[in-house]
>>> print(open('start.cif').read())   # mmCIF, C-alpha atoms
data_target
#
loop_
_atom_site.label_atom_id
_atom_site.label_comp_id
_atom_site.auth_asym_id
_atom_site.auth_seq_id
_atom_site.Cartn_x
_atom_site.Cartn_y
_atom_site.Cartn_z
CA MET A 691 0.00 0.00 0.00
CA ILE A 692 1.16 3.53 -0.84
CA VAL A 693 0.17 6.51 1.31
CA PHE A 694 0.44 9.93 -0.35
CA LEU A 695 0.75 12.74 2.18
CA GLY A 696 -0.39 16.06 0.71
CA GLN A 697 -2.38 16.91 -2.37
CA GLY A 698 -2.33 20.38 -3.93
CA ARG A 699 -1.67 21.22 -7.55
CA MET A 700 1.15 18.71 -7.97
CA GLY A 701 0.13 16.06 -5.46
CA ALA A 702 -3.36 15.36 -6.79
CA PRO A 703 -2.32 14.46 -10.38
CA MET A 704 0.66 12.47 -9.08
CA ALA A 705 -1.59 10.42 -6.81
CA ARG A 706 -3.91 9.78 -9.78
CA ARG A 707 -0.95 8.52 -11.82
CA LEU A 708 -0.25 5.92 -9.15
CA VAL A 709 -3.88 4.78 -9.10
CA GLU A 710 -3.98 4.56 -12.89
CA ALA A 711 -0.81 2.45 -12.77
CA GLY A 712 -2.63 -0.10 -10.60
CA HIS A 713 -1.26 0.80 -7.17
CA LYS A 714 -3.40 0.84 -4.06
CA VAL A 715 -3.12 4.43 -2.88
CA THR A 716 -4.42 6.24 0.20
CA THR A 717 -4.19 10.03 0.20
CA TRP A 718 -3.98 12.15 3.33
CA THR A 719 -4.43 15.90 3.82
CA ARG A 720 -4.51 18.10 6.90
CA ALA A 721 -8.20 18.80 6.36
CA GLY A 722 -9.16 15.13 6.14
CA GLY A 723 -9.59 14.67 9.88
CA VAL A 724 -7.63 11.41 10.03
CA PRO A 725 -4.46 11.41 12.19
CA VAL A 726 -1.46 11.01 9.92
CA ALA A 727 -0.07 8.22 12.12
CA ALA A 728 -3.24 6.21 11.49
CA ALA A 729 -3.09 6.96 7.76
CA VAL A 730 0.44 5.56 7.34
CA ASP A 731 -0.07 2.53 9.55
CA GLY A 732 0.80 -0.56 7.49
CA ALA A 733 2.06 1.38 4.47
CA GLU A 734 4.98 -0.03 2.49
CA LEU A 735 5.66 3.31 0.84
CA VAL A 736 4.92 6.81 2.14
CA ILE A 737 5.26 9.75 -0.27
CA THR A 738 5.36 13.33 0.95
CA MET A 739 4.49 16.26 -1.33
CA LEU A 740 4.13 19.28 0.96
CA SER A 741 4.81 23.01 0.87
CA ASP A 742 8.10 23.49 2.72
CA PRO A 743 10.60 21.93 5.16
CA ALA A 744 8.57 22.91 8.23
CA ALA A 745 5.43 21.22 6.88
CA VAL A 746 7.33 18.03 5.98
CA ARG A 747 9.00 17.90 9.40
CA GLU A 748 5.70 18.50 11.21
CA VAL A 749 3.78 15.84 9.26
CA LEU A 750 6.47 13.15 9.46
CA THR A 751 6.96 13.81 13.18
CA ALA A 752 3.23 13.20 13.67
CA ALA A 753 3.46 10.09 11.46
CA LEU A 754 6.26 8.45 13.47
CA PRO A 755 4.00 6.22 15.63
CA GLY A 756 2.47 4.71 12.49
CA LEU A 757 5.66 4.05 10.51
CA ARG A 758 6.62 0.37 10.60
CA PRO A 759 10.10 -1.18 10.13
CA GLY A 760 10.71 -1.72 6.42
CA THR A 761 8.62 1.26 5.31
CA THR A 762 10.21 3.56 2.72
CA VAL A 763 9.53 7.30 2.93
CA VAL A 764 9.96 9.12 -0.40
CA GLU A 765 10.24 12.87 0.15
CA MET A 766 9.20 14.58 -3.11
CA SER A 767 8.75 18.17 -1.89
CA THR A 768 11.40 20.81 -2.52
CA ILE A 769 13.05 21.20 0.88
CA GLY A 770 16.83 21.25 0.24
CA PRO A 771 19.56 18.81 1.32
CA GLU A 772 19.92 20.14 4.88
CA ALA A 773 16.26 19.37 5.61
CA VAL A 774 16.66 15.90 4.11
CA ARG A 775 19.52 15.21 6.53
CA GLU A 776 17.31 16.38 9.39
CA LEU A 777 14.59 13.96 8.27
CA ARG A 778 17.06 11.09 8.22
CA ALA A 779 17.93 11.88 11.84
CA LEU A 780 14.22 12.12 12.71
CA LEU A 781 13.13 8.80 11.19
CA PRO A 782 13.93 5.46 12.83
CA PRO A 783 16.88 3.54 11.27
CA GLN A 784 14.47 0.78 10.19
CA VAL A 785 12.57 3.27 7.98
CA ALA A 786 14.26 3.97 4.64
CA LEU A 787 14.38 7.50 3.24
CA VAL A 788 14.72 8.64 -0.38
CA ASP A 789 14.69 12.25 -1.57
CA ALA A 790 13.06 12.63 -4.97
CA PRO A 791 11.91 16.18 -5.84
CA VAL A 792 10.66 16.73 -9.37
CA LEU A 793 11.17 19.09 -12.27
CA GLY A 794 7.98 19.98 -14.09
CA SER A 795 4.57 21.47 -13.38
CA VAL A 796 0.95 20.38 -13.27
CA GLY A 797 0.74 19.25 -16.92
CA PRO A 798 3.76 16.91 -16.76
CA ALA A 799 2.52 15.65 -13.38
CA ALA A 800 -0.75 14.57 -15.00
CA ASP A 801 0.98 13.15 -18.10
CA GLY A 802 3.69 11.28 -16.22
CA THR A 803 6.49 13.26 -17.89
CA LEU A 804 8.13 14.80 -14.82
CA THR A 805 11.86 14.51 -14.22
CA VAL A 806 12.43 12.85 -10.85
CA LEU A 807 15.70 13.86 -9.19
CA ALA A 808 16.43 11.00 -6.80
CA GLY A 809 18.98 10.56 -4.04
CA GLY A 810 19.52 7.53 -1.84
CA ASP A 811 18.80 3.81 -2.19
CA LEU A 812 15.93 3.45 -4.68
CA SER A 813 15.57 -0.31 -4.36
CA GLY A 814 12.28 0.04 -2.50
CA CYS A 815 10.67 2.60 -4.81
CA ARG A 816 12.34 2.66 -8.25
CA GLU A 817 9.34 1.23 -10.16
CA VAL A 818 6.89 3.53 -8.36
CA LEU A 819 8.95 6.64 -9.15
CA ALA A 820 9.02 5.66 -12.82
CA VAL A 821 5.23 6.17 -12.91
CA PHE A 822 5.85 9.92 -12.57
CA GLY A 823 8.32 10.21 -15.45
CA SER A 824 12.04 9.96 -16.08
CA VAL A 825 14.04 9.06 -12.96
CA ARG A 826 17.55 10.47 -12.59
CA GLU A 827 19.52 8.55 -9.93
CA LEU A 828 21.96 11.12 -8.65
CA GLY A 829 23.80 9.46 -5.79
CA PRO A 830 23.53 9.38 -1.99
CA LEU A 831 20.69 10.70 0.13
CA GLY A 832 20.28 14.46 -0.35
CA ALA A 833 21.68 14.48 -3.90
CA GLY A 834 18.22 14.87 -5.45
CA ALA A 835 17.30 17.74 -3.15
CA ALA A 836 20.60 19.51 -3.87
CA MET A 837 20.15 19.09 -7.63
CA LYS A 838 16.63 20.55 -7.50
CA ILE A 839 17.80 23.66 -5.65
CA ALA A 840 20.77 24.05 -7.99
CA VAL A 841 18.51 23.95 -11.06
CA MET A 842 15.98 26.36 -9.55
CA SER A 843 18.81 28.73 -8.62
CA ALA A 844 19.39 29.17 -12.35
CA LEU A 845 15.87 29.00 -13.80
CA VAL A 846 14.10 31.29 -11.33
CA PRO A 847 16.58 34.23 -11.42
CA ALA A 848 16.57 33.99 -15.22
CA GLN A 849 12.83 34.70 -15.24
CA VAL A 850 13.27 37.61 -12.83
CA LEU A 851 15.98 38.98 -15.11
CA LEU A 852 13.64 38.79 -18.08
CA ALA A 853 10.89 40.56 -16.12
CA GLU A 854 13.30 43.41 -15.48
CA THR A 855 14.36 43.34 -19.14
CA PHE A 856 10.72 43.79 -20.18
CA ALA A 857 10.33 46.67 -17.69
CA TYR A 858 13.45 48.37 -19.08
CA GLY A 859 12.11 47.98 -22.62
CA ARG A 860 8.76 49.46 -21.72
CA ALA A 861 10.41 52.44 -19.99
CA HIS A 862 12.53 53.14 -23.09
CA GLY A 863 9.92 52.66 -25.80
CA VAL A 864 11.01 49.17 -26.90
CA GLY A 865 8.06 47.22 -28.27
CA HIS A 866 7.17 44.23 -26.09
CA GLU A 867 6.52 41.85 -28.97
CA ALA A 868 9.59 43.04 -30.85
CA LEU A 869 11.75 42.46 -27.78
CA ILE A 870 10.45 38.91 -27.38
CA GLU A 871 11.04 38.20 -31.07
CA VAL A 872 14.66 39.31 -30.74
CA LEU A 873 15.09 37.29 -27.55
CA SER A 874 13.62 34.23 -29.27
CA GLY A 875 16.84 33.95 -31.26
CA THR A 876 18.92 33.75 -28.07
CA PRO A 877 19.30 31.02 -25.40
CA LEU A 878 16.69 32.91 -23.35
CA GLY A 879 14.03 32.54 -26.03
CA VAL A 880 11.98 29.79 -24.35
CA LEU A 881 11.77 31.66 -21.06
CA ALA A 882 10.99 34.95 -22.80
CA GLU A 883 8.04 33.29 -24.52
CA ARG A 884 6.86 31.94 -21.18
CA LEU A 885 6.78 35.47 -19.75
CA ARG A 886 5.17 37.03 -22.85
CA VAL A 887 1.79 36.94 -21.10
CA PRO A 888 1.88 35.92 -17.41
CA SER A 889 0.00 32.66 -16.95
CA ALA A 890 -3.52 32.80 -15.53
CA GLU A 891 -3.04 29.20 -14.36
CA THR A 892 -0.64 28.64 -11.47
CA ARG A 893 1.80 26.01 -12.70
CA TYR A 894 4.68 26.95 -10.40
CA SER A 895 3.64 29.48 -7.80
CA LEU A 896 5.61 32.60 -7.09
CA ALA A 897 5.57 31.66 -3.39
CA HIS A 898 7.17 28.29 -4.13
CA ALA A 899 9.76 29.91 -6.39
CA THR A 900 10.62 32.34 -3.59
CA LYS A 901 10.90 29.50 -1.10
CA ASP A 902 13.20 27.58 -3.47
CA LEU A 903 15.58 30.54 -3.71
CA GLU A 904 15.46 31.00 0.06
CA LEU A 905 16.49 27.36 0.47
CA GLY A 906 19.36 27.88 -1.96
CA ALA A 907 20.66 31.05 -0.30
CA TRP A 908 24.40 31.15 0.27
CA GLU A 909 26.81 34.01 0.86
CA GLY A 910 28.26 34.14 -2.65
CA ALA A 911 24.96 33.88 -4.52
CA ARG A 912 24.68 37.55 -5.50
CA LEU A 913 22.38 37.18 -8.52
CA ALA A 914 20.11 34.68 -6.79
CA THR A 915 19.98 36.92 -3.72
CA ALA A 916 18.85 39.89 -5.81
CA ALA A 917 16.21 37.77 -7.56
CA ARG A 918 15.03 36.46 -4.21
CA ALA A 919 14.54 40.01 -2.91
CA ARG A 920 12.46 40.89 -5.97
CA LEU A 921 10.30 37.80 -5.50
CA GLN A 922 9.86 38.48 -1.79
CA GLU A 923 8.54 41.94 -2.63
CA ALA A 924 6.04 40.38 -5.02
CA ARG A 925 5.02 37.78 -2.45
CA ALA A 926 4.52 40.50 0.17
CA ALA A 927 2.33 42.33 -2.37
CA GLY A 928 -0.03 39.35 -2.43
CA LEU A 929 1.18 37.55 -5.58
CA GLY A 930 2.37 34.39 -3.83
CA GLY A 931 -0.49 32.28 -5.15
CA ARG A 932 0.03 33.44 -8.75
CA ASP A 933 2.24 31.72 -11.28
CA LEU A 934 5.90 32.75 -11.18
CA THR A 935 5.43 34.55 -14.50
CA ALA A 936 3.38 37.16 -12.60
CA ILE A 937 6.75 38.64 -11.60
CA ALA A 938 6.69 40.36 -15.00
CA GLU A 939 3.51 42.27 -14.09
CA HIS A 940 4.84 43.12 -10.65
CA THR A 941 8.08 44.49 -12.08
CA TRP A 942 6.22 46.57 -14.66
CA GLU A 943 3.94 48.06 -12.03
CA GLY A 944 6.74 49.11 -9.68
CA ALA A 945 7.43 48.55 -6.00
CA ALA A 946 5.11 46.87 -3.55
CA PRO A 947 2.75 49.06 -1.49
CA ARG A 948 4.12 50.35 1.81
CA VAL A 949 1.54 48.56 3.99
CA VAL A 950 0.85 44.97 2.89
CA PRO A 951 -1.84 42.88 4.66
CA LEU A 952 -0.96 39.18 4.70
CA ASN A 953 -3.22 36.12 5.03
CA PRO A 954 -1.18 33.01 4.19
CA SER A 955 -3.16 30.03 2.90
CA ALA A 956 -1.22 27.69 5.21
CA VAL A 957 -3.05 28.97 8.32
CA PRO A 958 -6.76 29.03 9.22
CA ALA A 959 -8.59 31.94 7.59
CA THR A 960 -9.56 34.97 9.64
CA ASN A 961 -13.17 36.05 10.14
CA GLY A 962 -12.61 38.91 7.69
CA MET A 963 -12.33 41.55 10.41
CA TYR A 964 -8.52 41.52 10.50
CA SER A 965 -5.45 40.19 8.66
CA HIS A 966 -3.12 37.61 10.15
CA ALA A 967 -0.19 39.97 9.69
CA VAL A 968 0.77 43.29 8.13
CA ARG A 969 4.15 43.98 6.60
CA VAL A 970 5.56 47.52 6.67
CA GLY A 971 8.99 47.69 5.09
CA ASP A 972 11.25 45.36 7.05
CA MET A 973 8.82 44.95 9.94
CA LEU A 974 6.13 42.29 10.29
CA TYR A 975 3.26 42.79 12.75
CA VAL A 976 1.51 39.49 13.55
CA SER A 977 -2.06 39.66 14.88
CA GLY A 978 -3.10 37.77 17.99
CA GLN A 979 -3.04 34.04 17.22
CA ALA A 980 -5.26 31.62 19.11
CA ALA A 981 -6.04 27.89 19.01
CA PHE A 982 -8.77 27.33 16.45
CA ASP A 983 -8.84 25.20 13.31
CA ASP A 984 -9.83 25.77 9.67
CA GLU A 985 -13.53 25.57 10.59
CA GLY A 986 -13.18 28.02 13.48
CA ASN A 987 -13.46 25.32 16.13
CA LEU A 988 -11.49 25.37 19.38
CA VAL A 989 -8.33 23.22 19.42
CA GLY A 990 -7.02 21.60 22.61
CA GLU A 991 -9.96 22.34 24.90
CA GLY A 992 -8.77 22.64 28.49
CA SER A 993 -5.10 22.04 27.65
CA MET A 994 -2.63 24.92 27.73
CA THR A 995 0.06 22.69 26.23
CA ALA A 996 -2.10 21.70 23.24
CA GLN A 997 -3.33 25.24 22.61
CA ALA A 998 0.16 26.74 22.89
CA GLU A 999 1.59 24.13 20.51
CA HIS A 1000 -1.11 24.94 17.96
CA VAL A 1001 -0.53 28.69 18.27
CA PHE A 1002 3.23 28.41 17.75
CA GLN A 1003 2.76 26.10 14.76
CA VAL A 1004 0.48 28.70 13.16
CA VAL A 1005 2.96 31.46 13.94
CA SER A 1006 5.78 29.40 12.40
CA ARG A 1007 3.83 29.18 9.13
CA ILE A 1008 3.17 32.93 9.09
CA LEU A 1009 6.87 33.57 9.63
CA ALA A 1010 7.88 31.05 6.96
CA ASP A 1011 5.54 32.75 4.48
CA GLN A 1012 7.70 35.87 4.83
CA GLY A 1013 11.04 34.07 4.88
CA ALA A 1014 11.44 34.56 8.63
CA THR A 1015 12.01 32.31 11.66
CA PHE A 1016 11.52 32.65 15.41
CA ALA A 1017 15.06 34.03 15.57
CA ASP A 1018 13.67 37.19 13.88
CA VAL A 1019 11.05 37.84 16.58
CA ALA A 1020 11.70 41.22 18.22
CA PHE A 1021 8.73 41.28 20.60
CA ILE A 1022 6.13 38.77 21.77
CA ARG A 1023 3.05 39.51 23.86
CA THR A 1024 0.96 36.77 25.48
CA TYR A 1025 -2.51 36.99 26.99
CA LEU A 1026 -3.33 34.19 29.48
CA THR A 1027 -6.72 33.60 31.06
CA ASP A 1028 -5.03 31.85 33.99
CA MET A 1029 -1.53 32.90 35.06
CA GLU A 1030 -1.23 29.63 36.99
CA LEU A 1031 -0.82 27.89 33.62
CA ARG A 1032 2.21 29.97 32.64
CA ARG A 1033 4.63 27.09 33.31
CA GLU A 1034 2.88 24.85 30.76
CA TYR A 1035 2.87 27.74 28.29
CA GLY A 1036 6.54 28.51 28.95
CA ALA A 1037 7.57 24.91 28.28
CA VAL A 1038 6.06 25.07 24.79
CA ARG A 1039 7.34 28.58 24.08
CA ARG A 1040 10.93 27.57 24.88
CA LYS A 1041 10.76 24.89 22.17
CA TYR A 1042 10.32 27.63 19.55
CA LEU A 1043 12.05 30.68 21.04
CA THR A 1044 15.52 29.31 21.68
CA GLY A 1045 18.67 31.24 22.51
CA THR A 1046 18.46 34.80 23.80
CA PRO A 1047 14.75 35.62 24.21
CA PRO A 1048 13.11 38.63 22.53
CA ALA A 1049 11.38 41.48 24.34
CA SER A 1050 8.26 40.08 25.96
CA THR A 1051 5.08 40.91 27.86
CA THR A 1052 2.72 38.40 29.49
CA VAL A 1053 -0.58 39.53 30.99
CA GLU A 1054 -3.57 37.83 32.55
CA VAL A 1055 -7.02 38.62 31.16
CA SER A 1056 -10.48 37.58 32.30
CA LYS A 1057 -11.48 36.09 28.94
CA LEU A 1058 -10.63 35.96 25.24
CA PHE A 1059 -12.86 36.29 22.19
CA MET A 1060 -13.81 32.59 22.01
CA PRO A 1061 -15.03 30.57 25.02
CA GLY A 1062 -12.43 28.01 26.05
CA LEU A 1063 -9.40 29.87 24.73
CA LEU A 1064 -6.58 29.88 27.24
CA LEU A 1065 -4.11 32.13 25.43
CA GLU A 1066 -3.51 34.51 22.55
CA VAL A 1067 -0.13 35.59 21.19
CA ASP A 1068 0.90 38.53 19.00
CA LEU A 1069 4.37 39.41 17.74
CA ILE A 1070 6.56 42.03 16.09
CA VAL A 1071 9.17 40.57 13.75
CA ALA A 1072 12.22 42.27 12.25
CA LEU A 1073 12.80 40.99 8.72
CA SER A 1074 16.20 41.15 7.12
CA PRO A 1075 16.54 43.56 4.15
CA ALA A 1076 17.26 40.54 1.91
CA ALA A 1077 13.81 39.19 2.76
CA ARG A 1078 11.97 42.24 1.50
#
>>> encode(input="start.cif", output="structure tokens")
Amino acid sequence: MIVFLGQGRMGAPMARRLVEAGHKVTTWTRAGGVPVAAAVDGAELVITMLSDPAAVREVLTAALPGLRPGTTVVEMSTIGPEAVRELRALLPPQVALVDAPVLGSVGPAADGTLTVLAGGDLSGCREVLAVFGSVRELGPLGAGAAMKIAVMSALVPAQVLLAETFAYGRAHGVGHEALIEVLSGTPLGVLAERLRVPSAETRYSLAHATKDLELGAWEGARLATAARARLQEARAAGLGGRDLTAIAEHTWEGAAPRVVPLNPSAVPATNGMYSHAVRVGDMLYVSGQAAFDDEGNLVGEGSMTAQAEHVFQVVSRILADQGATFADVAFIRTYLTDMELRREYGAVRRKYLTGTPPASTTVEVSKLFMPGLLLEVDLIVALSPAAR
């Protein structure tokens, strides 16, 4: 049995490919209501296709009780080689791990024409991976993840460069179509054609492209760093869910607005009366976060530990959406309905806020906006200039 963890634009067609190939497949999503440990119980192969390293780590940590000796976990998200090494340390030695991110978008995922970049021992999954397309066996564990980031570190900045080329042309009276025709005779021709009209369909989201460059950041990567900054501006302007080619429109239209409300899709939606966070320049102001799920129901009733864990997981996703971590938190304010529970809260908080703590205020209040809530947390975060 194969268990596919995560759906989304890429995951859904990939899971269908497995079913069409005759495999028994169970799919799991956060919204399904089934504990992930129960979903993977008895699986021979577990495939992860999730948004980022934090999501993969969270889901596989929760899956640990259900993973049996002899199971193979195939990590197909784009998370980078460092995260793959962390997963190997997380998983029991009796559970095999393969990293196999893919090149290609939704169409190739549905057609089975992806390029699978695989690292590690493929003996337990080689035939299954072939269902998705051409499999490139690249060497030891982590080699596939490193290859994916290396390729994206070339392809993504090239598209940002072309967006800026189009903006320069427009500012200097160069015809858009004429410019693309000239570029078509150069090695950049295929990418120029892709950016001719930004895609209405999201094949490779701008948010994922930004995340890929953030994963590939290194001190000497000057061009990739500049492209990453441009993409982070576009993401902050609300274009994260659009196709990467939307960077052309963003570059034409100029800089992002000064005040940018943010409502990442990875966290439960607000009630429409506020935004989860607001970005102003290099500062991020995170609204009070409390323990409720996607349907607005209370999480962890009566348990400070459970509610605090949920709150900090939500905060971690908001931070990750802006390329930040808990190390960037400048100020945290906590509202507790019972100060006697501060020790339980503090134990969870110390898991996330490690090292020298930020500025902090903790106050006791008589009640919060939803009956049963034990805490609410808001933050001020200082983002690095490179993350703008």
>>> atom_distance(input="start.cif", atom1="CA of Gly930 (chain A)", atom2="CA of Leu974 (chain A)")
16.6 Å
>>> resolve_selection(input="start.cif", expression="the PyMOL selection byres ((chain A and resi 965) around 9)", output="PDB file with C-alpha atoms, in the coordinates of the input")
ATOM      1  CA  PRO A 951      -1.840  42.880   4.660  1.00  0.00           C
ATOM      2  CA  LEU A 952      -0.960  39.180   4.700  1.00  0.00           C
ATOM      3  CA  ASN A 953      -3.220  36.120   5.030  1.00  0.00           C
ATOM      4  CA  ALA A 959      -8.590  31.940   7.590  1.00  0.00           C
ATOM      5  CA  THR A 960      -9.560  34.970   9.640  1.00  0.00           C
ATOM      6  CA  ASN A 961     -13.170  36.050  10.140  1.00  0.00           C
ATOM      7  CA  GLY A 962     -12.610  38.910   7.690  1.00  0.00           C
ATOM      8  CA  MET A 963     -12.330  41.550  10.410  1.00  0.00           C
ATOM      9  CA  TYR A 964      -8.520  41.520  10.500  1.00  0.00           C
ATOM     10  CA  HIS A 966      -3.120  37.610  10.150  1.00  0.00           C
ATOM     11  CA  ALA A 967      -0.190  39.970   9.690  1.00  0.00           C
ATOM     12  CA  VAL A 968       0.770  43.290   8.130  1.00  0.00           C
ATOM     13  CA  VAL A 976       1.510  39.490  13.550  1.00  0.00           C
ATOM     14  CA  SER A 977      -2.060  39.660  14.880  1.00  0.00           C
TER      15      SER A 977
END
>>> resolve_selection(input="start.cif", expression="the PyMOL selection byres ((chain A and resi 1065-1072) around 6)", output="PDB file with C-alpha atoms, in the frame of the given file")
ATOM      1  CA  MET A 973       8.820  44.950   9.940  1.00  0.00           C
ATOM      2  CA  LEU A 974       6.130  42.290  10.290  1.00  0.00           C
ATOM      3  CA  TYR A 975       3.260  42.790  12.750  1.00  0.00           C
ATOM      4  CA  VAL A 976       1.510  39.490  13.550  1.00  0.00           C
ATOM      5  CA  SER A 977      -2.060  39.660  14.880  1.00  0.00           C
ATOM      6  CA  GLY A 978      -3.100  37.770  17.990  1.00  0.00           C
ATOM      7  CA  GLN A 979      -3.040  34.040  17.220  1.00  0.00           C
ATOM      8  CA  ALA A 980      -5.260  31.620  19.110  1.00  0.00           C
ATOM      9  CA  ASP A1018      13.670  37.190  13.880  1.00  0.00           C
ATOM     10  CA  VAL A1019      11.050  37.840  16.580  1.00  0.00           C
ATOM     11  CA  ALA A1020      11.700  41.220  18.220  1.00  0.00           C
ATOM     12  CA  PHE A1021       8.730  41.280  20.600  1.00  0.00           C
ATOM     13  CA  ILE A1022       6.130  38.770  21.770  1.00  0.00           C
ATOM     14  CA  ARG A1023       3.050  39.510  23.860  1.00  0.00           C
ATOM     15  CA  THR A1024       0.960  36.770  25.480  1.00  0.00           C
ATOM     16  CA  TYR A1025      -2.510  36.990  26.990  1.00  0.00           C
ATOM     17  CA  LEU A1026      -3.330  34.190  29.480  1.00  0.00           C
ATOM     18  CA  LEU A1063      -9.400  29.870  24.730  1.00  0.00           C
ATOM     19  CA  LEU A1064      -6.580  29.880  27.240  1.00  0.00           C
ATOM     20  CA  LEU A1073      12.800  40.990   8.720  1.00  0.00           C
TER      21      LEU A1073
END
>>> closest_residue(input="start.cif", among="A:Ala727, A:Ala996, A:Leu873, A:Cys815", to="Pro755 (chain A)", atoms="only C-alpha atoms")
A:Ala727
>>> residues_around(input="start.cif", residues="region 846-849 of chain A", least_positions_apart="4", cutoff="8 Å", atoms="only C-alpha atoms", output="PyMOL selection string")
chain A and resi 842+853+881-882+885+899+903+913-914+917-918+935
>>> write_last_selection(input="start.cif", atoms="C-alpha atoms", output="compact mmCIF listing (two decimals), in the frame of the given file")
# COMPACT_ATOMS: atom_id res chain seq x y z
CA MET A 842 15.98 26.36 -9.55
CA ALA A 853 10.89 40.56 -16.12
CA LEU A 881 11.77 31.66 -21.06
CA ALA A 882 10.99 34.95 -22.80
CA LEU A 885 6.78 35.47 -19.75
CA ALA A 899 9.76 29.91 -6.39
CA LEU A 903 15.58 30.54 -3.71
CA LEU A 913 22.38 37.18 -8.52
CA ALA A 914 20.11 34.68 -6.79
CA ALA A 917 16.21 37.77 -7.56
CA ARG A 918 15.03 36.46 -4.21
CA THR A 935 5.43 34.55 -14.50
>>> closest_residue(input="start.cif", among="A:Ala861, A:Met704, A:Leu851, A:Leu781", to="Arg920 (chain A)", atoms="all atoms listed in the file")
A:Leu851
>>> closest_residue(input="start.cif", among="A:Ala773, A:Val724, A:Val887, A:Val818", to="Gly712 (chain A)", atoms="only C-alpha atoms")
A:Val818
>>> resolve_selection(input="start.cif", expression="the PyMOL selection byres ((chain A and resi 787-790) around 6)", output="list in words")
Thr762, Val763, Val764, Glu765, Met766, Ala786, Pro791, Val806, Leu807, Ala808, Gly809, Gly810 and Gly834 of chain A
>>> closest_residue(input="start.cif", among="A:Thr1052, A:Thr768, A:Gln922, A:Thr855", to="Asp1028 (chain A)", atoms="all atoms listed in the file")
A:Thr1052
>>> atom_distance(input="start.cif", atom1="CA of Gly701 (chain A)", atom2="CA of Pro830 (chain A)")
24.6 Å
>>> atom_distance(input="start.cif", atom1="CA of Val726 (chain A)", atom2="CA of Ala752 (chain A)")
6.4 Å
>>> residues_around(input="start.cif", residues="Gly802 (chain A)", least_positions_apart="3", cutoff="6 Å", atoms="all atoms listed in the file", output="list in words")
Pro798, Ala799, Phe822 and Gly823 of chain A
>>> write_last_selection(input="start.cif", atoms="C-alpha atoms", output="mmCIF file, in the frame of the given file")
data_model
loop_
_atom_site.group_PDB
_atom_site.id
_atom_site.type_symbol
_atom_site.label_atom_id
_atom_site.label_comp_id
_atom_site.auth_asym_id
_atom_site.auth_seq_id
_atom_site.Cartn_x
_atom_site.Cartn_y
_atom_site.Cartn_z
ATOM 1 C CA PRO A 798 3.760 16.910 -16.760
ATOM 2 C CA ALA A 799 2.520 15.650 -13.380
ATOM 3 C CA PHE A 822 5.850 9.920 -12.570
ATOM 4 C CA GLY A 823 8.320 10.210 -15.450
#
>>> residues_near_point(input="start.cif", point="(-10.3, 31.2, 35.7)", cutoff="12 Å", atoms="all atoms listed in the file", output="VMD selection string")
chain A and resid 992 1026 to 1031 1054 to 1058 1061 to 1064
>>> write_last_selection(input="start.cif", atoms="C-alpha atoms", output="PDB file, in the frame of the given file")
ATOM      1  CA  GLY A 992      -8.770  22.640  28.490  1.00  0.00           C
ATOM      2  CA  LEU A1026      -3.330  34.190  29.480  1.00  0.00           C
ATOM      3  CA  THR A1027      -6.720  33.600  31.060  1.00  0.00           C
ATOM      4  CA  ASP A1028      -5.030  31.850  33.990  1.00  0.00           C
ATOM      5  CA  MET A1029      -1.530  32.900  35.060  1.00  0.00           C
ATOM      6  CA  GLU A1030      -1.230  29.630  36.990  1.00  0.00           C
ATOM      7  CA  LEU A1031      -0.820  27.890  33.620  1.00  0.00           C
ATOM      8  CA  GLU A1054      -3.570  37.830  32.550  1.00  0.00           C
ATOM      9  CA  VAL A1055      -7.020  38.620  31.160  1.00  0.00           C
ATOM     10  CA  SER A1056     -10.480  37.580  32.300  1.00  0.00           C
ATOM     11  CA  LYS A1057     -11.480  36.090  28.940  1.00  0.00           C
ATOM     12  CA  LEU A1058     -10.630  35.960  25.240  1.00  0.00           C
ATOM     13  CA  PRO A1061     -15.030  30.570  25.020  1.00  0.00           C
ATOM     14  CA  GLY A1062     -12.430  28.010  26.050  1.00  0.00           C
ATOM     15  CA  LEU A1063      -9.400  29.870  24.730  1.00  0.00           C
ATOM     16  CA  LEU A1064      -6.580  29.880  27.240  1.00  0.00           C
TER      17      LEU A1064
END
